[in-house]
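Data block for coords19.cif (mmCIF, C-alpha atoms):
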```cif
data_query
#
loop_
_atom_site.label_atom_id
_atom_site.label_comp_id
_atom_site.auth_asym_id
_atom_site.auth_seq_id
_atom_site.Cartn_x
_atom_site.Cartn_y
_atom_site.Cartn_z
CA MET A 784 48.81 15.73 6.61
CA ASP A 785 48.63 19.04 8.47
CA VAL A 786 45.02 20.25 8.66
CA PRO A 787 44.24 23.39 6.60
CA CYS A 788 41.69 26.04 7.53
CA ARG A 789 38.14 24.79 7.01
CA SER A 790 35.78 26.58 4.63
CA ALA A 791 32.24 27.61 5.59
CA ALA A 792 30.92 24.61 3.64
CA GLY A 793 33.29 22.35 5.54
CA GLN A 794 32.13 23.79 8.84
CA GLN A 795 28.53 23.12 7.89
CA ALA A 796 29.38 19.53 6.95
CA ALA A 797 31.12 19.06 10.29
CA ALA A 798 28.04 20.32 12.10
CA THR A 799 25.96 17.75 10.23
CA LEU A 800 28.32 15.01 11.39
CA ALA A 801 27.98 16.13 14.99
CA ALA A 802 24.91 13.98 15.51
CA GLY A 803 26.51 10.97 13.84
CA GLY A 804 27.16 8.91 16.97
CA ARG A 805 28.74 8.74 20.38
CA ILE A 806 32.47 9.40 20.78
CA VAL A 807 34.00 7.60 23.74
CA VAL A 808 37.32 9.00 24.93
CA VAL A 809 39.45 6.55 26.92
CA THR A 810 42.04 8.24 29.12
CA ALA A 811 43.72 8.17 32.49
CA GLY A 812 42.78 11.84 32.83
CA GLY A 813 44.85 14.99 33.19
CA GLU A 814 45.14 18.47 31.77
CA ASN A 815 46.39 17.50 28.32
CA PRO A 816 43.61 14.92 27.69
CA ASN A 817 41.11 17.50 28.95
CA ILE A 818 42.13 19.77 26.08
CA LEU A 819 41.13 17.14 23.53
CA VAL A 820 37.95 16.16 25.38
CA ASN A 821 36.89 19.82 25.41
CA ALA A 822 37.72 20.23 21.73
CA LEU A 823 35.73 17.16 20.75
CA ALA A 824 32.82 18.17 22.97
CA SER A 825 32.71 21.58 21.31
CA ARG A 826 32.26 19.97 17.89
CA PHE A 827 30.27 16.78 18.52
CA GLU A 828 27.00 16.38 20.37
CA GLU A 829 27.76 13.25 22.39
CA VAL A 830 31.17 12.78 23.97
CA VAL A 831 31.65 10.43 26.92
CA VAL A 832 34.84 9.74 28.89
CA LEU A 833 35.95 6.38 30.24
CA GLN A 834 38.60 7.32 32.80
CA GLU A 835 41.02 4.63 33.90
CA GLN A 836 42.82 4.49 37.20
CA PRO A 837 46.43 5.59 36.57
CA GLU A 838 49.04 2.85 36.55
CA SER A 839 50.90 2.63 39.86
CA LYS A 840 54.46 3.91 39.81
CA ALA A 841 55.72 0.62 41.28
CA HIS A 842 54.13 -1.32 38.44
CA PHE A 843 55.57 1.15 35.93
CA VAL A 844 59.11 0.72 37.26
CA ARG A 845 58.87 -3.09 37.38
CA ARG A 846 57.58 -3.24 33.82
CA ARG A 847 60.33 -0.95 32.55
CA ALA A 848 62.94 -2.92 34.47
CA ARG A 849 61.84 -6.13 32.74
CA ASN A 850 62.30 -4.48 29.35
CA LEU A 851 65.25 -2.16 29.90
CA GLY A 852 66.97 -3.16 33.15
CA TRP A 853 66.71 -1.72 36.65
CA ALA A 854 69.30 1.04 36.22
CA THR A 855 67.55 2.53 33.19
CA ALA A 856 64.09 2.08 34.70
CA LEU A 857 65.06 3.86 37.92
CA GLY A 858 66.82 6.59 35.93
CA GLN A 859 63.67 7.16 33.90
CA PHE A 860 61.56 7.27 37.04
CA ALA A 861 63.90 9.90 38.50
CA THR A 862 63.39 12.02 35.39
CA MET A 863 59.62 11.76 35.77
CA ILE A 864 59.86 12.95 39.38
CA ALA A 865 62.19 15.82 38.49
CA SER A 866 59.94 16.90 35.64
CA ARG A 867 56.89 16.89 37.89
CA LEU A 868 58.69 18.95 40.53
CA GLY A 869 59.65 21.42 37.83
CA LYS A 870 56.03 21.95 36.87
CA ARG A 871 55.79 24.97 39.17
CA PHE A 872 58.43 26.76 37.10
CA THR A 873 56.53 26.35 33.83
CA GLN A 874 53.11 27.65 34.88
CA ARG A 875 53.56 30.92 33.02
CA ARG A 876 54.55 29.23 29.77
CA ALA A 877 51.70 26.73 30.12
CA GLY A 878 49.24 29.59 30.44
CA GLU A 879 50.70 31.22 27.33
CA ILE A 880 50.19 28.03 25.32
CA LEU A 881 46.58 27.67 26.42
CA ARG A 882 45.82 31.29 25.50
CA LEU A 883 47.69 31.08 22.20
CA TYR A 884 45.59 28.17 20.96
CA GLY A 885 42.37 29.17 22.71
CA VAL A 886 41.97 25.85 24.53
CA SER A 887 41.05 24.83 28.05
CA SER A 888 42.72 22.16 30.19
CA ALA A 889 39.96 22.23 32.82
CA ALA A 890 37.59 19.30 33.24
CA ASN A 891 34.35 19.84 31.34
CA PRO A 892 31.36 19.38 33.68
CA SER A 893 29.02 18.78 30.72
CA VAL A 894 30.92 15.67 29.59
CA PRO A 895 29.88 12.44 31.40
CA VAL A 896 32.79 10.59 33.00
CA HIS A 897 32.63 6.87 33.84
CA HIS A 898 35.43 5.68 36.12
CA ILE A 899 36.91 2.26 35.42
CA ALA A 900 39.95 0.38 36.70
CA SER A 901 41.22 -0.50 33.22
CA ILE A 902 39.86 -0.59 29.71
CA ASN A 903 41.44 -4.04 29.44
CA ASP A 904 39.55 -5.76 32.24
CA ALA A 905 36.11 -7.35 31.90
CA ALA A 906 34.33 -4.48 33.63
CA GLY A 907 36.01 -1.86 31.45
CA ARG A 908 35.19 -3.70 28.25
CA ALA A 909 31.61 -4.23 29.40
CA ARG A 910 31.16 -0.52 30.13
CA LEU A 911 32.49 0.35 26.70
CA THR A 912 30.12 -2.13 25.06
CA VAL A 913 27.13 -0.64 26.87
CA LEU A 914 28.04 2.83 25.60
CA GLN A 915 27.87 1.62 21.97
CA PRO A 916 30.42 4.10 20.61
CA ALA A 917 30.60 5.15 16.98
CA VAL A 918 34.25 6.10 17.54
CA VAL A 919 36.70 5.29 20.34
CA PHE A 920 39.39 7.93 20.86
CA LEU A 921 42.40 7.11 23.04
CA VAL A 922 44.61 9.68 24.74
CA SER A 923 47.06 8.98 27.58
CA CYS A 924 45.70 5.57 28.50
CA ARG A 925 46.89 1.98 28.67
CA MET A 926 47.64 0.13 25.47
CA LEU A 927 44.67 -1.93 24.39
CA LYS A 928 45.21 -5.66 24.75
CA PRO A 929 44.53 -7.64 21.55
CA GLU A 930 41.32 -9.09 22.98
CA THR A 931 40.10 -5.60 23.94
CA LEU A 932 40.84 -4.19 20.50
CA ALA A 933 39.18 -7.15 18.80
CA ALA A 934 36.01 -6.61 20.85
CA ILE A 935 35.52 -3.01 19.64
CA PRO A 936 33.38 -2.94 16.48
CA CYS A 937 33.98 0.73 15.61
CA PRO A 938 37.08 2.73 14.55
CA VAL A 939 39.66 3.19 17.31
CA LEU A 940 41.87 6.28 17.06
CA ASN A 941 44.78 7.43 19.18
CA PHE A 942 46.35 10.82 19.84
CA HIS A 943 50.12 10.58 20.12
CA ALA A 944 52.37 13.47 21.17
CA GLY A 945 55.04 12.66 18.63
CA ILE A 946 55.56 12.25 14.90
CA ASN A 947 55.12 8.64 13.81
CA PRO A 948 56.82 6.43 12.89
CA GLN A 949 60.08 8.15 13.83
CA TYR A 950 59.03 9.06 17.39
CA ARG A 951 56.69 6.38 18.64
CA GLY A 952 56.26 5.76 22.36
CA LEU A 953 57.01 8.51 24.88
CA MET A 954 58.46 12.02 24.81
CA GLY A 955 58.43 12.31 21.03
CA GLY A 956 58.90 16.08 21.03
CA TYR A 957 61.83 15.92 23.43
CA TRP A 958 63.62 13.26 21.40
CA ALA A 959 63.07 15.13 18.14
CA LEU A 960 64.91 18.11 19.63
CA VAL A 961 67.67 15.96 21.14
CA ASN A 962 68.19 14.29 17.76
CA GLY A 963 68.55 17.63 16.00
CA ASP A 964 65.26 16.98 14.19
CA PRO A 965 63.08 19.96 15.21
CA GLU A 966 61.05 19.79 11.99
CA ASN A 967 59.57 16.58 13.39
CA PHE A 968 58.42 18.11 16.67
CA GLY A 969 54.70 17.47 16.52
CA ALA A 970 51.77 15.13 17.05
CA THR A 971 49.98 12.31 15.24
CA VAL A 972 46.43 10.96 15.20
CA HIS A 973 46.46 7.37 14.00
CA LEU A 974 44.48 4.16 13.87
CA VAL A 975 45.13 1.72 16.70
CA ASP A 976 46.58 -1.72 16.11
CA GLU A 977 48.39 -4.11 18.44
CA GLY A 978 51.72 -2.25 18.25
CA VAL A 979 53.01 0.84 20.03
CA ASP A 980 51.84 3.77 17.88
CA THR A 981 52.22 1.63 14.75
CA GLY A 982 48.69 2.01 13.33
CA GLY A 983 47.96 3.82 10.10
CA ILE A 984 48.66 7.56 10.25
CA LEU A 985 45.65 9.80 9.69
CA TYR A 986 46.86 13.34 10.41
CA GLN A 987 49.91 15.08 11.81
CA SER A 988 50.68 18.58 13.06
CA ARG A 989 54.00 20.23 13.72
CA GLN A 990 55.00 22.98 16.14
CA THR A 991 58.04 25.08 17.00
CA PRO A 992 58.82 25.15 20.74
CA THR A 993 60.40 28.19 22.32
CA SER A 994 63.37 28.39 24.68
CA ALA A 995 60.85 28.60 27.53
CA ASP A 996 59.52 25.12 26.77
CA THR A 997 60.65 22.05 28.68
CA MET A 998 59.74 18.40 28.98
CA HIS A 999 56.68 19.52 30.93
CA THR A 1000 55.34 21.91 28.29
CA TYR A 1001 56.33 19.98 25.15
CA PRO A 1002 53.29 17.64 25.36
CA LEU A 1003 51.04 20.56 26.30
CA LEU A 1004 52.16 22.46 23.19
CA GLN A 1005 51.75 19.39 20.99
CA THR A 1006 48.25 18.77 22.33
CA ALA A 1007 46.98 22.35 22.34
CA ALA A 1008 48.10 22.85 18.76
CA SER A 1009 46.52 19.61 17.55
CA THR A 1010 42.82 19.84 18.36
CA ALA A 1011 42.01 20.33 14.68
CA ILE A 1012 43.57 17.02 13.63
CA ALA A 1013 41.73 15.20 16.41
CA ILE A 1014 38.41 16.66 15.25
CA ARG A 1015 39.17 15.95 11.58
CA ALA A 1016 40.02 12.31 12.30
CA VAL A 1017 36.79 11.77 14.26
CA GLU A 1018 34.80 13.42 11.47
CA ASP A 1019 36.39 11.03 8.99
CA ALA A 1020 35.61 8.05 11.21
CA LEU A 1021 31.95 9.05 11.55
CA ALA A 1022 31.69 9.57 7.81
CA GLY A 1023 33.36 6.24 7.00
CA ASN A 1024 36.12 8.16 5.28
CA LEU A 1025 39.28 7.11 7.12
CA ARG A 1026 42.29 7.14 4.81
CA PRO A 1027 45.51 6.16 6.58
CA VAL A 1028 48.75 7.24 4.98
CA ALA A 1029 51.63 4.83 4.46
CA ALA A 1030 54.88 5.94 6.08
CA SER A 1031 58.31 5.19 4.65
CA GLN A 1032 60.40 6.83 7.38
CA PRO A 1033 62.42 4.72 9.84
CA SER A 1034 60.41 3.57 12.84
CA ARG A 1035 61.63 3.70 16.44
CA GLN A 1036 60.05 3.53 19.88
CA TRP A 1037 61.28 5.94 22.57
CA TYR A 1038 60.99 6.14 26.35
CA HIS A 1039 61.58 8.74 29.06
CA PRO A 1040 65.27 9.68 29.14
CA PRO A 1041 67.17 8.48 32.21
CA VAL A 1042 67.88 11.35 34.56
CA TRP A 1043 71.57 11.50 33.62
CA THR A 1044 70.67 11.89 29.92
CA TRP A 1045 68.07 14.53 30.73
CA LEU A 1046 70.51 16.54 32.86
CA TRP A 1047 73.29 16.31 30.28
CA ASN A 1048 71.07 17.53 27.45
CA GLY A 1049 69.66 20.27 29.65
CA MET A 1050 72.96 21.63 30.93
CA ARG A 1051 74.98 21.18 27.74
CA ARG A 1052 72.35 21.87 25.08
CA GLY A 1053 69.52 23.69 26.83
CA ILE A 1054 67.02 20.94 26.01
CA TRP A 1055 65.06 20.35 29.18
#
```

Structure encoded using C-alpha cells:
Amino acid sequence: MDVPCRSAAGQQAAATLAAGGRIVVVTAGGENPNILVNALASRFEEVVVLQEQPESKAHFVRRRARNLGWATALGQFATMIASRLGKRFTQRRAGEILRLYGVSSAANPSVPVHHIASINDAAGRARLTVLQPAVVFLVSCRMLKPETLAAIPCPVLNFHAGINPQYRGLMGGYWALVNGDPENFGATVHLVDEGVDTGGILYQSRQTPTSADTMHTYPLLQTAASTAIAIRAVEDALAGNLRPVAASQPSRQWYHPPVWTWLWNGMRRGIW
C-alpha cells in the first residue's frame, strides 16, 4: 500500500483530475494539518478548509476520565503538557524533517478557511453542505457523529498518524516503538466509518525515526512523509476508484501514555 513514484503519464492524469471538484479539509488546525493542506493545494485546484475550534482541555480530561478513570486521564494530560513544553527542544529536528520531505507547515494564504465551532453541530454541517465538496478529508479533527457522516454525500477520508488496524487512536508511532514493532511506524489514509480509525484502509506509508525524534516529532515525521498517500487517495476518490484493502491484523485503539509510562519508557528505553 506504500505509494510508488509516479510516471509522467500518471502525473498528467493527476493534473487532469485537479479540476474534478472541491476538496474540503476538516481540521482543528496546526502545523501538521497544514502540511497536508499545502500538499493537497499544490495538486488540486480547489481546496477549502473548515477549521473547528479545538476541544477544551477540561472537556478532554472529563471525557477520558469517563472512559479510563481519573488517574489515567490526568496522567495522560500531564504527558500532553510535558510534550508541549518539550517542543522547544525539538525545533532543530522538526526543521530537518520539513526540509527532508520538502514540505511546509505554514498556513497557506491562498487556501480559504471557514471557522466553525464543530463539524458535528448544525452550523458546521450546514457550512459543509453549502460548500458541496467532491471529497471530504479529515485530519486532526473531532470524530464525525453518525448523523454528520450520514449527511455527507461524497467520499470521506481520514489521515491517521499510525498503522491501522494495529495502532488506531492516538500516538500510533510512539506505541509501535514501545511495542518493539518499528516496522509498523507509519501512517494510514482510510475511509471514515462510525468507529475510531476502523474504516477501509486505502494507503499506508512507513518511516524510520531517528534517535533525535520524540513524541513531538513522531507525528510530524509521519505526516511529512505521507503527503503522497493523501494525494493518491483524493485522486482515487475524485475518479471513483476507491479500493479499500481488507486487514487481517489484530485491531487495537491506543491513547496518550500516562506520564509515568512515558517517563519510564524514556529513561529506561530512550523512547520519548

For the contact check between stretch 914-957 of chain A and stretch 987-1009 of chain A, emit one row per residue of stretch 914-957 of chain A within 9 Å, containing the shortest atom pair and the distance in Å rounded to one decimal, counting only C-alpha atoms, chain then rising number order, as CSV.
```
residue,atom,partner,partner_atom,distance
A:Phe942,CA,A:Thr1006,CA,8.5
A:His943,CA,A:Thr1006,CA,8.7
A:Ala944,CA,A:Gln1005,CA,6.0
A:Gly945,CA,A:Gln1005,CA,7.9
A:Ile946,CA,A:Gln987,CA,7.0
A:Asn947,CA,A:Gln987,CA,8.5
A:Met954,CA,A:Pro1002,CA,7.7
A:Gly955,CA,A:Pro1002,CA,8.6
A:Gly956,CA,A:Tyr1001,CA,6.2
A:Tyr957,CA,A:Met998,CA,6.4
```

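If you measure from each of A:Glu829, A:Ala822, A:Lys840, A:Ser923 to A:Arg1015 using only C-alpha atoms, the closest one turns out to be A:Ala822.
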
Hits of the PyMOL selection byres ((chain A and resi 1020) around 12) in this structure, as a ChimeraX atom specification: /A:797,800-801,803-806,916-920,937-940,972-974,985,1013-1019,1021-1027

Atomic separation - atom CA of A:Ala900 relative to atom CA of A:Val809, Å: 11.6 Å

Centre and edges of the stretch 912-924 of chain A box, axis-aligned, 8 Å extra per side, as AutoDock Vina command-line options:
```
--center_x 37.1 --center_y 3.8 --center_z 22.7 --size_x 35.9 --size_y 27.8 --size_z 27.5
```

Picked residues, the PyMOL selection byres ((chain A and resi 841-851) around 12), as a PyMOL selection string: chain A and resi 837-840+852-861+863+925+1037-1041

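Take atom CA of A:Val961 and atom CA of A:Arg1051: the distance between them is 11.1 Å.
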
For stretch 811-813 of chain A, please output as a PDB file with C-alpha atoms, keeping the file's coordinate frame all residues within 7 Å (counting all atoms listed in the file; exclusion window: fewer than 4 positions along the same chain).
```pdb
ATOM      1  CA  ASN A 817      41.110  17.500  28.950  1.00  0.00           C
ATOM      2  CA  GLN A 834      38.600   7.320  32.800  1.00  0.00           C
ATOM      3  CA  GLU A 835      41.020   4.630  33.900  1.00  0.00           C
ATOM      4  CA  GLN A 836      42.820   4.490  37.200  1.00  0.00           C
ATOM      5  CA  PRO A 837      46.430   5.590  36.570  1.00  0.00           C
ATOM      6  CA  SER A 923      47.060   8.980  27.580  1.00  0.00           C
ATOM      7  CA  CYS A 924      45.700   5.570  28.500  1.00  0.00           C
TER       8      CYS A 924
END
```

Residues returned when the PyMOL selection byres ((chain A and resi 887) around 10) runs on this file, as number ranges by chain: A: 814-815, 817-822, 878, 881-882, 884-886, 888-891, 1007

Atom CA of A:Asn941 to atom CA of A:Ser825, straight-line distance in Å: 18.7 Å

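Distances from A:Thr810, A:Thr1044, A:Thr1010, A:Thr912 to A:His898 were compared using only C-alpha atoms, and the smallest one belongs to A:Thr810.
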
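The closest residue to A:Gln915, picked from A:Pro895, A:Pro929, A:Gly952, A:Pro936 and counting all atoms listed in the file, is A:Pro936.
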
Protein/DNA/RNA residues near (39.4, -10.6, 24.1), cut 10 Å, only C-alpha atoms, as a ChimeraX atom specification: /A:903-905,908,928-935
